[in-house]
>>> print(open('structure-v2.pdb').read())   # PDB, C-alpha atoms and all ligand atoms
ATOM      1  CA  MET A   1      21.586  15.284  27.564  1.00  0.00           C
ATOM      2  CA  PRO A   2      22.450  13.488  24.324  1.00  0.00           C
ATOM      3  CA  ARG A   3      22.033  15.607  21.249  1.00  0.00           C
ATOM      4  CA  LYS A   4      19.527  14.461  18.664  1.00  0.00           C
ATOM      5  CA  VAL A   5      21.094  13.960  15.240  1.00  0.00           C
ATOM      6  CA  TYR A   6      19.070  13.098  12.151  1.00  0.00           C
ATOM      7  CA  VAL A   7      20.788  10.748   9.707  1.00  0.00           C
ATOM      8  CA  LEU A   8      19.251  11.405   6.286  1.00  0.00           C
ATOM      9  CA  ASP A   9      18.989   8.921   3.459  1.00  0.00           C
ATOM     10  CA  THR A  10      18.155   9.870  -0.114  1.00  0.00           C
ATOM     11  CA  SER A  11      14.417   9.351   0.337  1.00  0.00           C
ATOM     12  CA  ALA A  12      14.498  11.799   3.265  1.00  0.00           C
ATOM     13  CA  VAL A  13      16.402  14.332   1.237  1.00  0.00           C
ATOM     14  CA  ILE A  14      13.985  14.044  -1.679  1.00  0.00           C
ATOM     15  CA  ALA A  15      10.975  14.334   0.591  1.00  0.00           C
ATOM     16  CA  GLY A  16      12.289  17.742   1.544  1.00  0.00           C
ATOM     17  CA  PHE A  17      13.145  16.905   5.116  1.00  0.00           C
ATOM     18  CA  VAL A  18      16.291  18.914   4.824  1.00  0.00           C
ATOM     19  CA  PRO A  19      15.955  22.656   4.615  1.00  0.00           C
ATOM     20  CA  GLY A  20      16.224  23.867   8.130  1.00  0.00           C
ATOM     21  CA  LEU A  21      12.894  22.483   9.270  1.00  0.00           C
ATOM     22  CA  ALA A  22      14.423  20.383  11.988  1.00  0.00           C
ATOM     23  CA  LYS A  23      16.119  22.152  14.851  1.00  0.00           C
ATOM     24  CA  ALA A  24      18.329  19.135  15.429  1.00  0.00           C
ATOM     25  CA  GLU A  25      21.587  18.485  13.644  1.00  0.00           C
ATOM     26  CA  GLN A  26      21.299  16.669  10.308  1.00  0.00           C
ATOM     27  CA  VAL A  27      23.999  14.499   8.785  1.00  0.00           C
ATOM     28  CA  THR A  28      24.375  12.343   5.719  1.00  0.00           C
ATOM     29  CA  VAL A  29      27.084  10.652   3.649  1.00  0.00           C
ATOM     30  CA  GLN A  30      28.645  11.818   0.390  1.00  0.00           C
ATOM     31  CA  GLU A  31      26.894   9.122  -1.680  1.00  0.00           C
ATOM     32  CA  VAL A  32      23.487  10.458  -0.687  1.00  0.00           C
ATOM     33  CA  LEU A  33      24.452  13.820  -2.094  1.00  0.00           C
ATOM     34  CA  GLU A  34      25.466  12.110  -5.298  1.00  0.00           C
ATOM     35  CA  GLU A  35      22.193  10.195  -5.541  1.00  0.00           C
ATOM     36  CA  ALA A  36      20.183  13.314  -4.804  1.00  0.00           C
ATOM     37  CA  ARG A  37      22.197  15.309  -7.295  1.00  0.00           C
ATOM     38  CA  ASP A  38      20.435  13.423 -10.084  1.00  0.00           C
ATOM     39  CA  LEU A  39      17.080  14.559  -8.802  1.00  0.00           C
ATOM     40  CA  CYS A  40      15.095  17.713  -8.492  1.00  0.00           C
ATOM     41  CA  SER A  41      16.002  18.310  -4.854  1.00  0.00           C
ATOM     42  CA  LYS A  42      19.564  19.064  -5.842  1.00  0.00           C
ATOM     43  CA  LEU A  43      19.397  22.790  -5.306  1.00  0.00           C
ATOM     44  CA  GLU A  44      17.674  22.666  -1.922  1.00  0.00           C
ATOM     45  CA  LEU A  45      20.131  20.106  -0.677  1.00  0.00           C
ATOM     46  CA  GLU A  46      23.206  21.944  -1.842  1.00  0.00           C
ATOM     47  CA  THR A  47      21.884  25.111  -0.250  1.00  0.00           C
ATOM     48  CA  ALA A  48      21.381  23.257   3.018  1.00  0.00           C
ATOM     49  CA  VAL A  49      24.881  21.773   2.874  1.00  0.00           C
ATOM     50  CA  THR A  50      26.445  25.118   2.060  1.00  0.00           C
ATOM     51  CA  ALA A  51      24.555  26.754   4.907  1.00  0.00           C
ATOM     52  CA  GLY A  52      25.907  24.083   7.255  1.00  0.00           C
ATOM     53  CA  LYS A  53      22.457  22.721   8.049  1.00  0.00           C
ATOM     54  CA  VAL A  54      23.368  19.299   6.759  1.00  0.00           C
ATOM     55  CA  LYS A  55      26.805  17.907   7.553  1.00  0.00           C
ATOM     56  CA  VAL A  56      28.446  15.365   5.282  1.00  0.00           C
ATOM     57  CA  VAL A  57      30.281  12.806   7.400  1.00  0.00           C
ATOM     58  CA  ASP A  58      32.078   9.564   6.611  1.00  0.00           C
ATOM     59  CA  PRO A  59      31.516   6.664   9.027  1.00  0.00           C
ATOM     60  CA  SER A  60      34.506   5.063  10.755  1.00  0.00           C
ATOM     61  CA  ARG A  61      35.956   1.927   9.232  1.00  0.00           C
ATOM     62  CA  GLU A  62      35.195  -0.003  12.436  1.00  0.00           C
ATOM     63  CA  SER A  63      31.500   0.800  12.304  1.00  0.00           C
ATOM     64  CA  LEU A  64      31.353   0.095   8.609  1.00  0.00           C
ATOM     65  CA  ASP A  65      32.980  -3.331   9.018  1.00  0.00           C
ATOM     66  CA  GLU A  66      30.679  -4.142  11.896  1.00  0.00           C
ATOM     67  CA  THR A  67      27.609  -3.031   9.948  1.00  0.00           C
ATOM     68  CA  ARG A  68      28.557  -5.179   6.963  1.00  0.00           C
ATOM     69  CA  LYS A  69      29.131  -8.193   9.207  1.00  0.00           C
ATOM     70  CA  ARG A  70      25.806  -7.783  10.946  1.00  0.00           C
ATOM     71  CA  VAL A  71      23.940  -7.170   7.713  1.00  0.00           C
ATOM     72  CA  ALA A  72      25.460 -10.344   6.250  1.00  0.00           C
ATOM     73  CA  GLN A  73      24.201 -12.305   9.263  1.00  0.00           C
ATOM     74  CA  THR A  74      20.627 -11.136   8.707  1.00  0.00           C
ATOM     75  CA  GLY A  75      20.686 -12.125   5.049  1.00  0.00           C
ATOM     76  CA  ASP A  76      19.305  -8.704   4.137  1.00  0.00           C
ATOM     77  CA  VAL A  77      20.593  -6.915   1.085  1.00  0.00           C
ATOM     78  CA  VAL A  78      21.423  -3.263   1.495  1.00  0.00           C
ATOM     79  CA  SER A  79      23.274  -0.937  -0.778  1.00  0.00           C
ATOM     80  CA  ALA A  80      26.702   0.417   0.066  1.00  0.00           C
ATOM     81  CA  VAL A  81      25.071   3.772   0.763  1.00  0.00           C
ATOM     82  CA  ASP A  82      22.620   2.291   3.265  1.00  0.00           C
ATOM     83  CA  ALA A  83      25.431   0.435   5.031  1.00  0.00           C
ATOM     84  CA  LYS A  84      27.298   3.727   5.391  1.00  0.00           C
ATOM     85  CA  LEU A  85      24.255   5.476   6.835  1.00  0.00           C
ATOM     86  CA  LEU A  86      23.773   2.713   9.396  1.00  0.00           C
ATOM     87  CA  ALA A  87      27.473   2.823  10.269  1.00  0.00           C
ATOM     88  CA  LEU A  88      27.276   6.587  10.663  1.00  0.00           C
ATOM     89  CA  ALA A  89      24.355   6.214  13.063  1.00  0.00           C
ATOM     90  CA  LEU A  90      26.378   3.638  15.053  1.00  0.00           C
ATOM     91  CA  ASP A  91      29.290   6.084  15.254  1.00  0.00           C
ATOM     92  CA  LEU A  92      27.023   8.830  16.564  1.00  0.00           C
ATOM     93  CA  LYS A  93      25.506   6.527  19.164  1.00  0.00           C
ATOM     94  CA  ARG A  94      28.963   5.531  20.386  1.00  0.00           C
ATOM     95  CA  SER A  95      30.023   9.122  20.752  1.00  0.00           C
ATOM     96  CA  GLY A  96      27.053   9.747  23.019  1.00  0.00           C
ATOM     97  CA  GLU A  97      24.666  11.348  20.543  1.00  0.00           C
ATOM     98  CA  GLU A  98      21.139  10.240  19.863  1.00  0.00           C
ATOM     99  CA  PRO A  99      20.975   9.336  16.169  1.00  0.00           C
ATOM    100  CA  GLU A 100      17.713   8.870  14.349  1.00  0.00           C
ATOM    101  CA  LEU A 101      17.649   7.540  10.813  1.00  0.00           C
ATOM    102  CA  VAL A 102      15.208   9.363   8.581  1.00  0.00           C
ATOM    103  CA  THR A 103      14.241   6.996   5.806  1.00  0.00           C
ATOM    104  CA  ASP A 104      11.376   5.598   3.824  1.00  0.00           C
ATOM    105  CA  ASP A 105      13.314   2.470   3.030  1.00  0.00           C
ATOM    106  CA  TYR A 106      12.024  -0.664   4.764  1.00  0.00           C
ATOM    107  CA  ALA A 107      15.348  -2.470   4.563  1.00  0.00           C
ATOM    108  CA  ILE A 108      17.076   0.324   6.507  1.00  0.00           C
ATOM    109  CA  GLN A 109      14.204   0.500   8.996  1.00  0.00           C
ATOM    110  CA  ASN A 110      14.453  -3.239   9.674  1.00  0.00           C
ATOM    111  CA  LEU A 111      18.198  -3.114  10.163  1.00  0.00           C
ATOM    112  CA  ALA A 112      17.946  -0.013  12.350  1.00  0.00           C
ATOM    113  CA  SER A 113      15.631  -1.948  14.682  1.00  0.00           C
ATOM    114  CA  LEU A 114      18.029  -4.869  14.763  1.00  0.00           C
ATOM    115  CA  PHE A 115      20.918  -2.543  15.575  1.00  0.00           C
ATOM    116  CA  GLY A 116      18.945  -0.818  18.325  1.00  0.00           C
ATOM    117  CA  LEU A 117      18.892   2.476  16.416  1.00  0.00           C
ATOM    118  CA  SER A 118      15.817   4.626  16.239  1.00  0.00           C
ATOM    119  CA  TYR A 119      14.325   5.713  12.962  1.00  0.00           C
ATOM    120  CA  GLN A 120      11.599   7.895  11.648  1.00  0.00           C
ATOM    121  CA  ARG A 121       9.598   7.437   8.504  1.00  0.00           C
ATOM    122  CA  ILE A 122       8.938  10.275   6.179  1.00  0.00           C
ATOM    123  CA  VAL A 123       5.299  11.095   6.305  1.00  0.00           C
ATOM    124  CA  MET A 124       4.890  12.370   2.829  1.00  0.00           C
ATOM    125  CA  PRO A 125       2.413  10.955   0.357  1.00  0.00           C
ATOM    126  CA  GLY A 126       3.765  10.261  -3.077  1.00  0.00           C
ATOM    127  CA  ILE A 127       7.363   9.647  -2.083  1.00  0.00           C
ATOM    128  CA  LYS A 128       7.152   6.028  -3.262  1.00  0.00           C
ATOM    129  CA  GLU A 129       6.351   7.269  -6.743  1.00  0.00           C
ATOM    130  CA  VAL A 130       9.151   9.785  -6.659  1.00  0.00           C
ATOM    131  CA  LEU A 131      11.881   7.411  -5.625  1.00  0.00           C
ATOM    132  CA  ARG A 132      12.361   4.455  -7.920  1.00  0.00           C
ATOM    133  CA  TRP A 133      15.648   2.664  -7.987  1.00  0.00           C
ATOM    134  CA  GLU A 134      17.543   0.725 -10.531  1.00  0.00           C
ATOM    135  CA  MET A 135      20.833  -1.107 -10.347  1.00  0.00           C
ATOM    136  CA  VAL A 136      23.614   0.044 -12.643  1.00  0.00           C
ATOM    137  CA  CYS A 137      26.816  -1.775 -13.507  1.00  0.00           C
ATOM    138  CA  PRO A 138      29.769   0.514 -12.699  1.00  0.00           C
ATOM    139  CA  ALA A 139      31.894  -1.207 -15.334  1.00  0.00           C
ATOM    140  CA  CYS A 140      29.687  -1.533 -18.396  1.00  0.00           C
ATOM    141  CA  ASN A 141      26.741   0.728 -17.470  1.00  0.00           C
ATOM    142  CA  ARG A 142      24.056  -1.881 -18.093  1.00  0.00           C
ATOM    143  CA  ARG A 143      20.884  -1.327 -16.079  1.00  0.00           C
ATOM    144  CA  TYR A 144      19.046  -3.917 -14.010  1.00  0.00           C
ATOM    145  CA  ALA A 145      15.997  -4.324 -11.790  1.00  0.00           C
ATOM    146  CA  PRO A 146      16.450  -3.301  -8.099  1.00  0.00           C
ATOM    147  CA  THR A 147      16.602  -6.962  -7.003  1.00  0.00           C
ATOM    148  CA  THR A 148      19.709  -7.730  -9.054  1.00  0.00           C
ATOM    149  CA  SER A 149      23.077  -7.448  -7.345  1.00  0.00           C
ATOM    150  CA  GLN A 150      25.620  -8.537  -9.932  1.00  0.00           C
ATOM    151  CA  CYS A 151      26.075  -7.724 -13.605  1.00  0.00           C
ATOM    152  CA  GLU A 152      25.061 -10.679 -15.762  1.00  0.00           C
ATOM    153  CA  VAL A 153      27.512  -9.676 -18.453  1.00  0.00           C
ATOM    154  CA  CYS A 154      30.731  -8.680 -16.715  1.00  0.00           C
ATOM    155  CA  GLY A 155      30.110  -9.912 -13.158  1.00  0.00           C
ATOM    156  CA  SER A 156      30.677  -6.541 -11.430  1.00  0.00           C
ATOM    157  CA  PHE A 157      28.695  -5.684  -8.314  1.00  0.00           C
ATOM    158  CA  LEU A 158      25.954  -3.253  -9.200  1.00  0.00           C
ATOM    159  CA  VAL A 159      25.373   0.135  -7.585  1.00  0.00           C
ATOM    160  CA  ARG A 160      21.959   1.540  -6.799  1.00  0.00           C
ATOM    161  CA  LYS A 161      20.881   4.699  -8.583  1.00  0.00           C
ATOM    162  CA  PRO A 162      17.650   6.647  -8.630  1.00  0.00           C
ATOM    163  CA  LYS A 163      15.746   5.850 -11.789  1.00  0.00           C
ATOM    164  CA  ARG A 164      15.325   8.719 -14.205  1.00  0.00           C
TER
HETATM  165 ZN    ZN A 201      28.661  -5.079 -16.363  1.00  0.00          ZN
END
>>> encode(input="structure-v2.pdb", output="structure tokens")
Amino acid sequence: MPRKVYVLDTSAVIAGFVPGLAKAEQVTVQEVLEEARDLCSKLELETAVTAGKVKVVDPSRESLDETRKRVAQTGDVVSAVDAKLLALALDLKRSGEEPELVTDDYAIQNLASLFGLSYQRIVMPGIKEVLRWEMVCPACNRRYAPTTSQCEVCGSFLVRKPKR
């Protein structure tokens, strides 16, 4: 029997999916921890990680390359964090597990379907209000709307951050 593994994105973490509610294994990537660190769920999440309830795993380079290629073909725009989560789910599937992405993000849900990965939405009212994103230039720190991908001033690729 394949083991069920929940792959958590930041919206899942913020919705409070984490703390030991699920019997199944829960994994995420380092960047999700960093995004969540800016938010109020920080303590809960760190407790869960310390207790070993949530494992922090890096996807393989192969899966990451493949994910980026396939995302490029669809014309969808996903953040580097989302690409890593999808790649992590692909890795788990290949090693015989049964990954399920837990996310409120439509872009990830669409891509999960395309990749033949299962996903679960977070049924929690109000999460849309909680999680607002903005794009931040890693070089000059200018902030942009979530639809922008490149800094208009210095040309760097923007990274997605939860809006404060
Ligand atoms: Zn810039």
>>> residues_near_point(input="structure-v2.pdb", point="(20.8, 14.5, 21.2)", cutoff="12 Å", atoms="all atoms listed in the file", output="ChimeraX atom specification")
/A:1-6,23-26,92-93,95-100
>>> residues_near_ligand(input="structure-v2.pdb", ligand="ligand ZN 201 (chain A)", cutoff="7 Å", atoms="all atoms listed in the file", output="VMD selection string")
chain A and resid 137 to 142 151 to 156
>>> atom_distance(input="structure-v2.pdb", atom1="atom CA of Glu46 of chain A", atom2="atom CA of Ala145 of chain A")
29.0 Å
>>> closest_residue(input="structure-v2.pdb", among="A:Arg94, A:Arg68, A:Lys161, A:Lys53", to="Val136 of chain A", atoms="all atoms listed in the file")
A:Lys161
>>> closest_residue(input="structure-v2.pdb", among="A:Leu64, A:Val56, A:Ser113, A:Leu33", to="Ser11 of chain A", atoms="only C-alpha atoms")
A:Leu33
>>> resolve_selection(input="structure-v2.pdb", expression="the PyMOL selection byres (((chain A and resi 105) around 12) and not hetatm)", output="list in words")
Leu8, Asp9, Thr10, Ser11, Ala12, Val78, Ser79, Asp82, Leu85, Leu101, Val102, Thr103, Asp104, Tyr106, Ala107, Ile108, Gln109, Asn110, Leu111, Ala112, Tyr119, Gln120, Arg121, Ile122, Ile127, Lys128, Leu131, Arg132 and Trp133 of chain A
>>> residues_around(input="structure-v2.pdb", residues="Glu134 of chain A", least_positions_apart="2", cutoff="10 Å", atoms="all atoms listed in the file", output="list of chain:residue names")
A:Arg132, A:Val136, A:Arg143, A:Tyr144, A:Ala145, A:Pro146, A:Thr147, A:Thr148, A:Leu158, A:Val159, A:Arg160, A:Lys161, A:Pro162, A:Lys163, A:Arg164
>>> atom_distance(input="structure-v2.pdb", atom1="atom CA of Val32 of chain A", atom2="atom CA of Thr47 of chain A")
14.7 Å
>>> closest_residue(input="structure-v2.pdb", among="A:Gly52, A:Leu114, A:Leu90, A:Arg37", to="Asp65 of chain A", atoms="only C-alpha atoms")
A:Leu90
>>> atom_distance(input="structure-v2.pdb", atom1="atom CA of Ala83 of chain A", atom2="atom CA of Val29 of chain A")
10.4 Å
>>> residues_around(input="structure-v2.pdb", residues="Thr67 of chain A", least_positions_apart="2", cutoff="9 Å", atoms="all atoms listed in the file", output="list in words")
Glu62, Ser63, Leu64, Asp65, Lys69, Arg70, Val71, Ala72, Ala83, Lys84, Leu86, Ala87, Leu90 and Phe115 of chain A
>>> decode(input="structure-v2.pdb", residues="segment 53-98 of chain A", atoms="N, CA and C atoms", output="tab-separated table (two decimals), in the first residue's frame")
chain	number	residue	atom	x	y	z
A	53	LYS	N	6.67	16.39	12.80
A	53	LYS	CA	5.38	16.14	12.14
A	53	LYS	C	5.40	16.62	10.70
A	54	VAL	N	6.19	17.65	10.46
A	54	VAL	CA	6.34	18.14	9.10
A	54	VAL	C	7.81	18.01	8.72
A	55	LYS	N	8.07	17.30	7.62
A	55	LYS	CA	9.45	17.14	7.17
A	55	LYS	C	9.75	18.17	6.10
A	56	VAL	N	10.96	18.72	6.16
A	56	VAL	CA	11.39	19.68	5.15
A	56	VAL	C	12.31	18.94	4.18
A	57	VAL	N	11.88	18.85	2.93
A	57	VAL	CA	12.59	18.06	1.93
A	57	VAL	C	12.86	18.91	0.70
A	58	ASP	N	14.01	18.72	0.09
A	58	ASP	CA	14.33	19.37	-1.17
A	58	ASP	C	14.02	18.41	-2.32
A	59	PRO	N	13.36	18.89	-3.37
A	59	PRO	CA	13.11	18.01	-4.52
A	59	PRO	C	14.40	17.70	-5.27
A	60	SER	N	14.40	16.60	-6.02
A	60	SER	CA	15.57	16.27	-6.84
A	60	SER	C	15.69	17.24	-8.00
A	61	ARG	N	16.91	17.40	-8.48
A	61	ARG	CA	17.13	18.31	-9.61
A	61	ARG	C	16.37	17.84	-10.85
A	62	GLU	N	16.31	16.52	-11.04
A	62	GLU	CA	15.61	15.97	-12.21
A	62	GLU	C	14.14	16.40	-12.21
A	63	SER	N	13.49	16.20	-11.07
A	63	SER	CA	12.07	16.56	-11.00
A	63	SER	C	11.86	18.06	-11.14
A	64	LEU	N	12.78	18.81	-10.61
A	64	LEU	CA	12.67	20.26	-10.69
A	64	LEU	C	12.81	20.73	-12.14
A	65	ASP	N	13.79	20.18	-12.85
A	65	ASP	CA	13.98	20.53	-14.26
A	65	ASP	C	12.75	20.15	-15.06
A	66	GLU	N	12.24	18.95	-14.79
A	66	GLU	CA	11.08	18.48	-15.53
A	66	GLU	C	9.86	19.36	-15.25
A	67	THR	N	9.69	19.72	-13.98
A	67	THR	CA	8.56	20.58	-13.62
A	67	THR	C	8.64	21.91	-14.35
A	68	ARG	N	9.83	22.50	-14.34
A	68	ARG	CA	9.99	23.81	-15.00
A	68	ARG	C	9.70	23.71	-16.49
A	69	LYS	N	10.16	22.62	-17.12
A	69	LYS	CA	9.91	22.43	-18.54
A	69	LYS	C	8.42	22.33	-18.81
A	70	ARG	N	7.74	21.52	-18.00
A	70	ARG	CA	6.32	21.30	-18.23
A	70	ARG	C	5.50	22.54	-17.92
A	71	VAL	N	5.92	23.28	-16.92
A	71	VAL	CA	5.21	24.52	-16.59
A	71	VAL	C	5.37	25.52	-17.75
A	72	ALA	N	6.58	25.59	-18.30
A	72	ALA	CA	6.83	26.50	-19.42
A	72	ALA	C	5.93	26.17	-20.61
A	73	GLN	N	5.71	24.87	-20.83
A	73	GLN	CA	4.85	24.45	-21.95
A	73	GLN	C	3.41	24.90	-21.75
A	74	THR	N	2.94	24.93	-20.52
A	74	THR	CA	1.55	25.31	-20.28
A	74	THR	C	1.35	26.81	-20.36
A	75	GLY	N	2.45	27.58	-20.26
A	75	GLY	CA	2.32	29.02	-20.28
A	75	GLY	C	1.88	29.59	-18.94
A	76	ASP	N	1.73	28.72	-17.94
A	76	ASP	CA	1.36	29.19	-16.61
A	76	ASP	C	2.56	29.84	-15.94
A	77	VAL	N	2.28	30.71	-15.01
A	77	VAL	CA	3.36	31.32	-14.24
A	77	VAL	C	3.26	30.83	-12.80
A	78	VAL	N	4.27	30.15	-12.35
A	78	VAL	CA	4.29	29.76	-10.94
A	78	VAL	C	5.58	30.25	-10.30
A	79	SER	N	5.52	30.44	-9.03
A	79	SER	CA	6.70	30.91	-8.32
A	79	SER	C	7.69	29.76	-8.19
A	80	ALA	N	8.92	30.11	-7.83
A	80	ALA	CA	9.95	29.09	-7.62
A	80	ALA	C	9.54	28.12	-6.51
A	81	VAL	N	8.84	28.64	-5.52
A	81	VAL	CA	8.40	27.80	-4.41
A	81	VAL	C	7.37	26.77	-4.90
A	82	ASP	N	6.41	27.23	-5.69
A	82	ASP	CA	5.39	26.32	-6.21
A	82	ASP	C	6.01	25.24	-7.08
A	83	ALA	N	6.99	25.63	-7.91
A	83	ALA	CA	7.66	24.65	-8.76
A	83	ALA	C	8.34	23.58	-7.90
A	84	LYS	N	8.92	24.00	-6.80
A	84	LYS	CA	9.59	23.04	-5.91
A	84	LYS	C	8.59	22.08	-5.27
A	85	LEU	N	7.44	22.61	-4.88
A	85	LEU	CA	6.42	21.76	-4.27
A	85	LEU	C	5.91	20.72	-5.27
A	86	LEU	N	5.70	21.16	-6.51
A	86	LEU	CA	5.25	20.21	-7.54
A	86	LEU	C	6.32	19.16	-7.80
A	87	ALA	N	7.58	19.60	-7.85
A	87	ALA	CA	8.69	18.67	-8.07
A	87	ALA	C	8.80	17.68	-6.91
A	88	LEU	N	8.57	18.15	-5.72
A	88	LEU	CA	8.62	17.28	-4.55
A	88	LEU	C	7.53	16.21	-4.63
A	89	ALA	N	6.35	16.63	-5.05
A	89	ALA	CA	5.25	15.67	-5.21
A	89	ALA	C	5.59	14.63	-6.27
A	90	LEU	N	6.23	15.08	-7.37
A	90	LEU	CA	6.66	14.14	-8.42
A	90	LEU	C	7.66	13.12	-7.87
A	91	ASP	N	8.60	13.60	-7.08
A	91	ASP	CA	9.59	12.72	-6.46
A	91	ASP	C	8.91	11.65	-5.61
A	92	LEU	N	7.95	12.07	-4.81
A	92	LEU	CA	7.26	11.14	-3.91
A	92	LEU	C	6.51	10.09	-4.71
A	93	LYS	N	5.87	10.55	-5.79
A	93	LYS	CA	5.10	9.62	-6.63
A	93	LYS	C	6.03	8.56	-7.23
A	94	ARG	N	7.20	9.02	-7.69
A	94	ARG	CA	8.16	8.10	-8.29
A	94	ARG	C	8.72	7.11	-7.30
A	95	SER	N	8.78	7.51	-6.04
A	95	SER	CA	9.32	6.56	-5.07
A	95	SER	C	8.21	5.70	-4.46
A	96	GLY	N	7.04	5.73	-5.11
A	96	GLY	CA	5.98	4.80	-4.73
A	96	GLY	C	5.04	5.30	-3.64
A	97	GLU	N	5.18	6.57	-3.27
A	97	GLU	CA	4.26	7.13	-2.28
A	97	GLU	C	3.03	7.70	-3.00
A	98	GLU	N	2.12	8.17	-2.19
A	98	GLU	CA	0.90	8.74	-2.77
A	98	GLU	C	0.78	10.20	-2.32
